[in-house]
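Structure below is structure.cif: mmCIF, C-alpha atoms.
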data_coords
loop_
_atom_site.label_atom_id
_atom_site.label_comp_id
_atom_site.auth_asym_id
_atom_site.auth_seq_id
_atom_site.Cartn_x
_atom_site.Cartn_y
_atom_site.Cartn_z
CA MET V 1 122.72 107.82 -47.74
CA VAL V 2 123.29 104.45 -46.10
CA THR V 3 119.56 104.05 -45.73
CA LEU V 4 119.06 104.73 -49.44
CA ARG V 5 121.63 102.07 -50.36
CA LEU V 6 120.02 99.61 -48.00
CA ARG V 7 116.62 100.34 -49.48
CA ARG V 8 117.96 99.69 -52.99
CA LEU V 9 119.57 96.48 -51.78
CA LEU V 10 116.34 95.29 -50.21
CA PHE V 11 114.41 96.18 -53.36
CA ALA V 12 116.87 94.17 -55.47
CA GLY V 13 116.47 91.29 -53.03
CA PHE V 14 112.69 91.38 -53.41
CA LEU V 15 113.03 91.33 -57.21
CA ALA V 16 115.35 88.33 -57.00
CA LEU V 17 112.86 86.52 -54.78
CA GLY V 18 110.10 87.25 -57.27
CA ALA V 19 112.20 85.91 -60.15
CA GLY V 20 112.91 82.74 -58.19
CA ALA V 21 109.21 82.25 -57.56
CA ALA V 22 108.41 82.45 -61.29
CA GLU V 23 110.93 79.74 -62.27
CA PRO V 24 109.21 76.62 -63.62
CA PRO V 25 110.18 73.23 -62.17
CA ALA V 26 112.55 71.05 -64.17
CA GLY V 27 111.11 67.89 -65.74
CA VAL V 28 111.52 65.46 -68.62
CA GLY V 29 111.52 67.16 -72.01
CA ALA V 30 112.41 66.50 -75.64
CA GLY V 31 115.93 65.14 -75.94
CA SER V 32 116.14 63.64 -72.47
CA ALA V 33 115.93 59.97 -71.57
CA PHE V 34 112.58 58.89 -70.19
CA PRO V 35 112.71 57.20 -66.74
CA LYS V 36 112.66 53.41 -66.87
CA LEU V 37 109.04 52.36 -66.28
CA SER V 38 110.05 49.07 -64.66
CA SER V 39 111.83 50.90 -61.84
CA PHE V 40 108.55 52.38 -60.57
CA ASP V 41 105.81 50.75 -58.54
CA LEU V 42 103.03 50.77 -61.14
CA SER V 43 99.88 48.82 -60.34
CA GLY V 44 96.64 48.01 -62.15
CA GLY V 45 98.22 46.28 -65.13
CA ALA V 46 101.42 45.06 -66.73
CA VAL V 47 103.92 47.34 -68.44
CA PRO V 48 104.33 46.03 -72.00
CA GLU V 49 107.68 45.34 -73.62
CA THR V 50 109.03 48.69 -74.81
CA ALA V 51 112.63 47.86 -75.78
CA GLY V 52 113.32 48.73 -79.40
CA ARG V 53 109.84 50.14 -79.94
CA VAL V 54 108.43 53.58 -80.49
CA VAL V 55 106.54 54.30 -77.28
CA LEU V 56 103.85 56.78 -76.35
CA VAL V 57 103.63 57.33 -72.60
CA ASP V 58 100.45 59.14 -71.68
CA PHE V 59 99.65 60.57 -68.26
CA TRP V 60 95.93 60.68 -67.55
CA ALA V 61 93.39 60.70 -64.73
CA SER V 62 89.79 59.58 -64.41
CA TRP V 63 88.81 63.12 -63.30
CA CYS V 64 90.35 64.74 -66.39
CA ALA V 65 87.88 65.31 -69.25
CA PRO V 66 90.44 65.79 -72.08
CA CYS V 67 92.08 62.52 -70.96
CA LYS V 68 88.80 60.74 -71.57
CA ALA V 69 88.54 62.37 -75.00
CA SER V 70 92.06 61.24 -75.87
CA PHE V 71 91.48 57.52 -75.29
CA PRO V 72 89.64 56.74 -78.57
CA ALA V 73 92.37 58.60 -80.49
CA TYR V 74 95.09 56.57 -78.76
CA GLY V 75 93.15 53.42 -79.58
CA ARG V 76 93.18 54.35 -83.26
CA LEU V 77 96.92 55.11 -83.16
CA GLN V 78 97.63 51.77 -81.45
CA ALA V 79 95.60 49.92 -84.09
CA ARG V 80 97.31 51.79 -86.94
CA PHE V 81 100.92 51.61 -85.81
CA GLY V 82 100.96 48.70 -83.35
CA PRO V 83 101.95 46.08 -85.95
CA SER V 84 104.92 48.26 -87.00
CA GLY V 85 106.50 48.34 -83.53
CA PHE V 86 104.56 51.02 -81.69
CA VAL V 87 103.20 50.66 -78.17
CA ILE V 88 101.19 52.90 -75.83
CA VAL V 89 101.56 52.93 -72.06
CA ALA V 90 98.83 55.02 -70.45
CA VAL V 91 99.79 55.94 -66.90
CA SER V 92 96.97 56.96 -64.60
CA VAL V 93 97.72 59.32 -61.73
CA ASP V 94 94.52 58.40 -59.88
CA GLU V 95 95.07 58.04 -56.15
CA SER V 96 91.98 55.83 -55.92
CA PRO V 97 92.45 52.34 -57.43
CA ALA V 98 88.64 52.06 -57.65
CA ALA V 99 88.39 55.22 -59.78
CA TYR V 100 91.18 53.91 -62.00
CA ALA V 101 89.54 50.50 -62.40
CA ALA V 102 86.10 52.02 -63.11
CA PHE V 103 87.51 54.30 -65.80
CA VAL V 104 89.40 51.46 -67.49
CA ALA V 105 86.34 49.22 -67.32
CA ARG V 106 84.23 51.93 -68.95
CA GLN V 107 86.72 52.90 -71.66
CA LYS V 108 88.02 49.40 -72.44
CA PRO V 109 91.24 50.74 -73.99
CA ALA V 110 93.02 48.65 -76.60
CA PHE V 111 96.40 49.58 -75.08
CA ALA V 112 98.20 49.05 -71.79
CA THR V 113 97.16 51.07 -68.75
CA VAL V 114 98.89 51.25 -65.38
CA ASN V 115 98.29 53.22 -62.21
CA ASP V 116 100.97 55.46 -60.72
CA ARG V 117 99.05 55.74 -57.47
CA GLY V 118 101.96 57.02 -55.40
CA HIS V 119 102.85 59.65 -58.05
CA ALA V 120 106.49 58.55 -58.08
CA LEU V 121 106.73 58.41 -61.89
CA VAL V 122 104.69 61.53 -62.63
CA GLY V 123 106.66 63.34 -59.93
CA ALA V 124 109.90 62.39 -61.65
CA VAL V 125 108.57 63.42 -65.05
CA GLN V 126 106.87 66.64 -63.82
CA VAL V 127 104.13 66.84 -66.44
CA PRO V 128 103.10 70.44 -67.14
CA THR V 129 99.40 69.69 -67.51
CA MET V 130 96.88 66.85 -67.69
CA PRO V 131 96.95 65.02 -70.00
CA THR V 132 100.52 65.05 -71.27
CA CYS V 133 102.02 62.45 -73.56
CA PHE V 134 105.63 61.73 -74.40
CA VAL V 135 106.64 60.11 -77.67
CA LEU V 136 109.85 58.11 -77.29
CA ASP V 137 112.02 56.76 -80.06
CA ARG V 138 113.29 53.19 -80.19
CA LYS V 139 116.20 54.11 -77.89
CA GLY V 140 113.89 55.45 -75.18
CA THR V 141 114.70 59.11 -75.76
CA VAL V 142 111.86 61.61 -75.56
CA ARG V 143 111.40 63.12 -79.01
CA PHE V 144 108.06 64.86 -78.71
CA VAL V 145 105.95 66.13 -75.83
CA HIS V 146 102.26 66.99 -76.14
CA ALA V 147 100.88 68.96 -73.21
CA GLY V 148 97.10 68.74 -73.35
CA PHE V 149 94.91 67.01 -75.92
CA ARG V 150 93.45 69.05 -78.79
CA GLY V 151 91.37 66.45 -80.57
CA GLU V 152 92.05 65.78 -84.25
CA GLN V 153 94.98 68.19 -84.31
CA THR V 154 96.88 66.24 -81.64
CA GLU V 155 95.95 62.92 -83.23
CA ARG V 156 97.22 64.11 -86.62
CA GLU V 157 100.47 65.43 -85.13
CA LEU V 158 101.03 62.24 -83.16
CA GLY V 159 100.36 60.15 -86.27
CA SER V 160 103.01 61.91 -88.33
CA GLU V 161 105.53 61.88 -85.45
CA ILE V 162 105.07 58.17 -84.80
CA GLU V 163 105.33 57.44 -88.51
CA ALA V 164 108.61 59.35 -88.73
CA LEU V 165 110.05 57.60 -85.67
CA LEU V 166 109.06 54.18 -86.96
CA ALA V 167 110.72 55.00 -90.29
CA GLU V 168 113.93 55.99 -88.44
CA GLY V 169 114.29 52.49 -87.08
CA LYS V 170 113.91 50.78 -90.46
CA GLY V 171 117.07 49.05 -91.56
CA ALA V 172 118.51 49.06 -88.04
CA PRO V 173 119.54 45.67 -86.66
CA MET H 174 114.53 109.48 -35.66
CA LYS H 175 116.48 106.37 -34.65
CA ALA H 176 113.31 104.71 -33.45
CA ARG H 177 111.64 105.41 -36.82
CA ARG H 178 114.61 103.96 -38.66
CA ALA H 179 114.56 100.87 -36.47
CA ALA H 180 110.83 100.48 -37.10
CA PHE H 181 111.39 100.83 -40.84
CA PHE H 182 114.05 98.10 -40.88
CA ALA H 183 111.93 95.86 -38.70
CA ALA H 184 109.05 96.27 -41.15
CA MET H 185 111.32 95.56 -44.11
CA GLY H 186 112.70 92.50 -42.36
CA LEU H 187 109.21 91.21 -41.74
CA ALA H 188 108.29 91.84 -45.38
CA ALA H 189 111.40 89.94 -46.50
CA VAL H 190 110.43 86.96 -44.33
CA LEU H 191 106.90 87.01 -45.75
CA LEU H 192 108.22 87.26 -49.30
CA CYS H 193 110.48 84.28 -48.66
CA GLY H 194 107.29 82.42 -47.88
CA CYS H 195 105.81 83.60 -51.17
CA ALA H 196 108.95 82.58 -53.06
CA SER H 197 108.66 79.05 -51.77
CA THR H 198 105.03 78.88 -52.98
CA PRO H 199 105.80 76.95 -56.21
CA ALA H 200 106.99 74.02 -54.09
CA ALA H 201 103.62 74.02 -52.35
CA ARG H 202 101.57 74.71 -55.50
CA VAL H 203 99.06 72.01 -56.39
CA LYS H 204 100.63 69.99 -59.22
CA PRO H 205 98.58 69.18 -62.33
CA TRP H 206 98.36 65.50 -61.30
CA GLU H 207 97.16 66.36 -57.79
CA ARG H 208 94.00 68.17 -58.86
CA GLY H 209 91.62 65.26 -58.51
CA ALA H 210 89.94 66.74 -55.44
CA LEU H 211 89.67 70.15 -57.13
CA ALA H 212 88.05 68.53 -60.19
CA ASP H 213 85.40 66.87 -58.04
CA GLU H 214 81.80 67.88 -58.71
CA THR H 215 81.37 69.01 -55.10
CA MET H 216 83.96 71.73 -55.77
CA ASN H 217 81.70 73.34 -58.36
CA PRO H 218 79.99 76.30 -56.66
CA ASP H 219 77.28 76.30 -59.35
CA ARG H 220 76.33 72.62 -59.13
CA ASP H 221 72.88 73.30 -57.63
CA SER H 222 70.96 75.71 -59.86
CA LEU H 223 68.17 76.21 -57.29
CA ALA H 224 70.63 77.10 -54.52
CA SER H 225 72.52 79.39 -56.90
CA ALA H 226 69.29 81.22 -57.81
CA MET H 227 68.46 81.68 -54.13
CA ILE H 228 71.94 82.99 -53.27
CA GLU H 229 71.75 85.35 -56.23
CA HIS H 230 68.35 86.61 -55.11
CA VAL H 231 69.58 87.22 -51.55
CA PHE H 232 72.64 88.99 -52.94
CA PHE H 233 70.81 91.45 -55.13
CA SER H 234 68.11 91.98 -52.51
CA ARG H 235 70.48 92.74 -49.68
CA GLU H 236 73.45 94.29 -51.45
CA ALA H 237 72.97 97.99 -50.84
CA ALA H 238 75.56 99.36 -53.22
CA THR H 239 74.11 98.86 -56.71
CA GLY H 240 71.59 96.70 -58.45
CA GLY H 241 73.36 93.36 -58.63
CA HIS H 242 73.12 90.91 -61.52
CA GLY H 243 71.34 93.38 -63.80
CA VAL H 244 68.46 94.03 -61.44
CA GLY H 245 67.81 97.50 -60.10
CA GLY H 246 67.60 97.62 -56.34
CA SER H 247 69.17 99.12 -53.31
CA GLY H 248 68.80 96.84 -50.37
CA CYS H 249 65.11 97.25 -49.66
CA GLY H 250 64.64 93.50 -49.89
CA CYS H 251 61.56 93.92 -52.06
CA ASN H 252 62.92 92.39 -55.31
#

If you convert what's in this file into structure tokens, what do you get?
Amino acid sequence: MVTLRLRRLLFAGFLALGAGAAEPPAGVGAGSAFPKLSSFDLSGGAVPETAGRVVLVDFWASWCAPCKASFPAYGRLQARFGPSGFVIVAVSVDESPAAYAAFVARQKPAFATVNDRGHALVGAVQVPTMPTCFVLDRKGTVRFVHAGFRGEQTERELGSEIEALLAEGKGAP
Amino acid sequence: MKARRAAFFAAMGLAAVLLCGCASTPAARVKPWERGALADETMNPDRDSLASAMIEHVFFSREAATGGHGVGGSGCGCN
């Protein structure tokens, strides 16, 4: 009888362990404040002024094909909404500064790029996949998260989200 | 009987320790931003078509169970 109880207890313990293993890690999501970019050691470029602006923070890597596909779309968004107070900060997670520099030289992005070589920022944010972009409102709160890049669909969604966030700030001091 | 019970609990204890190791796996899982090495071309097992064709040929020639990769054969090495 005791053995049966112990067996049940052990079985329940195993189930609990399994449940713990399936738990996803906590990260930055919609509604939470995005970490201050200036408090991280980001190399390879300057972080643009983001205060009071709608910001898109994109996490990319030179070895990530969808990241490469996303760059022209981000360029178009920057050109379209930049004059209205929108800025893009594209954060590379490349461990090799040479790979980062080569990618930037090839793509020639029309927006700011920086390298989070030590993975301090991306580790704090805990992106679910590569690429992932966070759309922040003028107060620096994450409003939208896009995990992955799905071409025109993502570009269209980002366009309408940025437009809405820019409209929110109109009339504010 | 007591020895069997002791062996059972020892086995369960060992399994619990091993499962604890499994439970801590997410902490050791490769994060999405750490997959640069995995995305490297050298990690692609099919990067050399000639080598792949040779390995495939050896496999279906030597594999005695069934005809591999859609080719009939049974290990005679004559394909």

| message | Using Å and a single decimal, report how far CA of Ala46 (chain V) sits from CA of Arg208 (chain H). | response |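 Interatomic distance here is 25.5 Å.
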
| request: List the residues sitting within 9 Å of (100.3, 57.4, -49.2) in the file's frame, using all atoms listed in the file, as a ChimeraX atom specification. | output: /V:95,117-118

Take the residues from that selection and write them out as a short mmCIF file (atom, residue, chain, number, x, y, z; two decimals), keeping the file's coordinate frame, keeping C-alpha atoms.
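Wrote again-v7.cif, looks like this:
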data_model
loop_
_atom_site.label_atom_id
_atom_site.label_comp_id
_atom_site.auth_asym_id
_atom_site.auth_seq_id
_atom_site.Cartn_x
_atom_site.Cartn_y
_atom_site.Cartn_z
CA GLU V 95 95.07 58.04 -56.15
CA ARG V 117 99.05 55.74 -57.47
CA GLY V 118 101.96 57.02 -55.40
#

| request: Would you translate the PyMOL selection byres ((chain V and resi 130) around 12) into the concrete set of residues it matches in this file, as an NGL selection string? | output: (:V and (58-70 or 91-94 or 122 or 126-129 or 131-133 or 146-150)) or (:H and (204-209 or 212))

| field | Within 12 Å of Leu56 (chain V) using only C-alpha atoms, minus same-chain residues under 6 positions, as a PyMOL selection string | value | chain V and resi 34+48+50+74-75+77-78+81-82+85-91+111-113+132-138+140-146+158-159+161-162+165

Restrict the selected residues to C-alpha atoms and save them as a short mmCIF file (atom, residue, chain, number, x, y, z; two decimals), in the frame of the given file.
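The resulting selection15.cif:
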data_model
loop_
_atom_site.label_atom_id
_atom_site.label_comp_id
_atom_site.auth_asym_id
_atom_site.auth_seq_id
_atom_site.Cartn_x
_atom_site.Cartn_y
_atom_site.Cartn_z
CA PHE V 34 112.58 58.89 -70.19
CA PRO V 48 104.33 46.03 -72.00
CA THR V 50 109.03 48.69 -74.81
CA TYR V 74 95.09 56.57 -78.76
CA GLY V 75 93.15 53.42 -79.58
CA LEU V 77 96.92 55.11 -83.16
CA GLN V 78 97.63 51.77 -81.45
CA PHE V 81 100.92 51.61 -85.81
CA GLY V 82 100.96 48.70 -83.35
CA GLY V 85 106.50 48.34 -83.53
CA PHE V 86 104.56 51.02 -81.69
CA VAL V 87 103.20 50.66 -78.17
CA ILE V 88 101.19 52.90 -75.83
CA VAL V 89 101.56 52.93 -72.06
CA ALA V 90 98.83 55.02 -70.45
CA VAL V 91 99.79 55.94 -66.90
CA PHE V 111 96.40 49.58 -75.08
CA ALA V 112 98.20 49.05 -71.79
CA THR V 113 97.16 51.07 -68.75
CA THR V 132 100.52 65.05 -71.27
CA CYS V 133 102.02 62.45 -73.56
CA PHE V 134 105.63 61.73 -74.40
CA VAL V 135 106.64 60.11 -77.67
CA LEU V 136 109.85 58.11 -77.29
CA ASP V 137 112.02 56.76 -80.06
CA ARG V 138 113.29 53.19 -80.19
CA GLY V 140 113.89 55.45 -75.18
CA THR V 141 114.70 59.11 -75.76
CA VAL V 142 111.86 61.61 -75.56
CA ARG V 143 111.40 63.12 -79.01
CA PHE V 144 108.06 64.86 -78.71
CA VAL V 145 105.95 66.13 -75.83
CA HIS V 146 102.26 66.99 -76.14
CA LEU V 158 101.03 62.24 -83.16
CA GLY V 159 100.36 60.15 -86.27
CA GLU V 161 105.53 61.88 -85.45
CA ILE V 162 105.07 58.17 -84.80
CA LEU V 165 110.05 57.60 -85.67
#

| field | Pairwise distance for CA of Ser160 (chain V) and CA of Pro72 (chain V), rounded to one decimal in Å | value |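 It comes out at 17.3 Å.
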
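Separating CA of Gly29 (chain V) from CA of Gln107 (chain V) is a distance of 28.6 Å.
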
| task | Could you give me, as a list of chain:residue names, the residues within 12 Å of Arg106 (chain V), counting only C-alpha atoms and dropping anything in the same chain fewer than 3 positions from it? | result |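 Non-adjacent residues within range: V:Ser62, V:Lys68, V:Phe71, V:Ala99, V:Tyr100, V:Ala101, V:Ala102, V:Phe103, V:Pro109.
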
| note | The residue from V:Ala167, V:Val55, V:Val125, V:Ala30 with the smallest atom-to-atom distance to chain H, counting only C-alpha atoms, is V:Val125

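The closest residue to chain H, picked from V:Lys139, V:Ser32, V:Glu152, V:His119 and counting only C-alpha atoms, is V:His119.
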
| message | Just checking: using all atoms listed in the file, which residue out of V:Ser96, V:Lys108, V:Ala120, V:Val54 ends up closest to Glu168 (chain V)? | response |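 Among the listed residues, V:Val54 lies closest to Glu168 (chain V).
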
| Hey, which of H:Ala183, H:Ala176, H:Val231, H:Ala210 ends up closest to chain V? Count all atoms listed in the file. |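 Of all the options, H:Ala210 lies closest to chain V.
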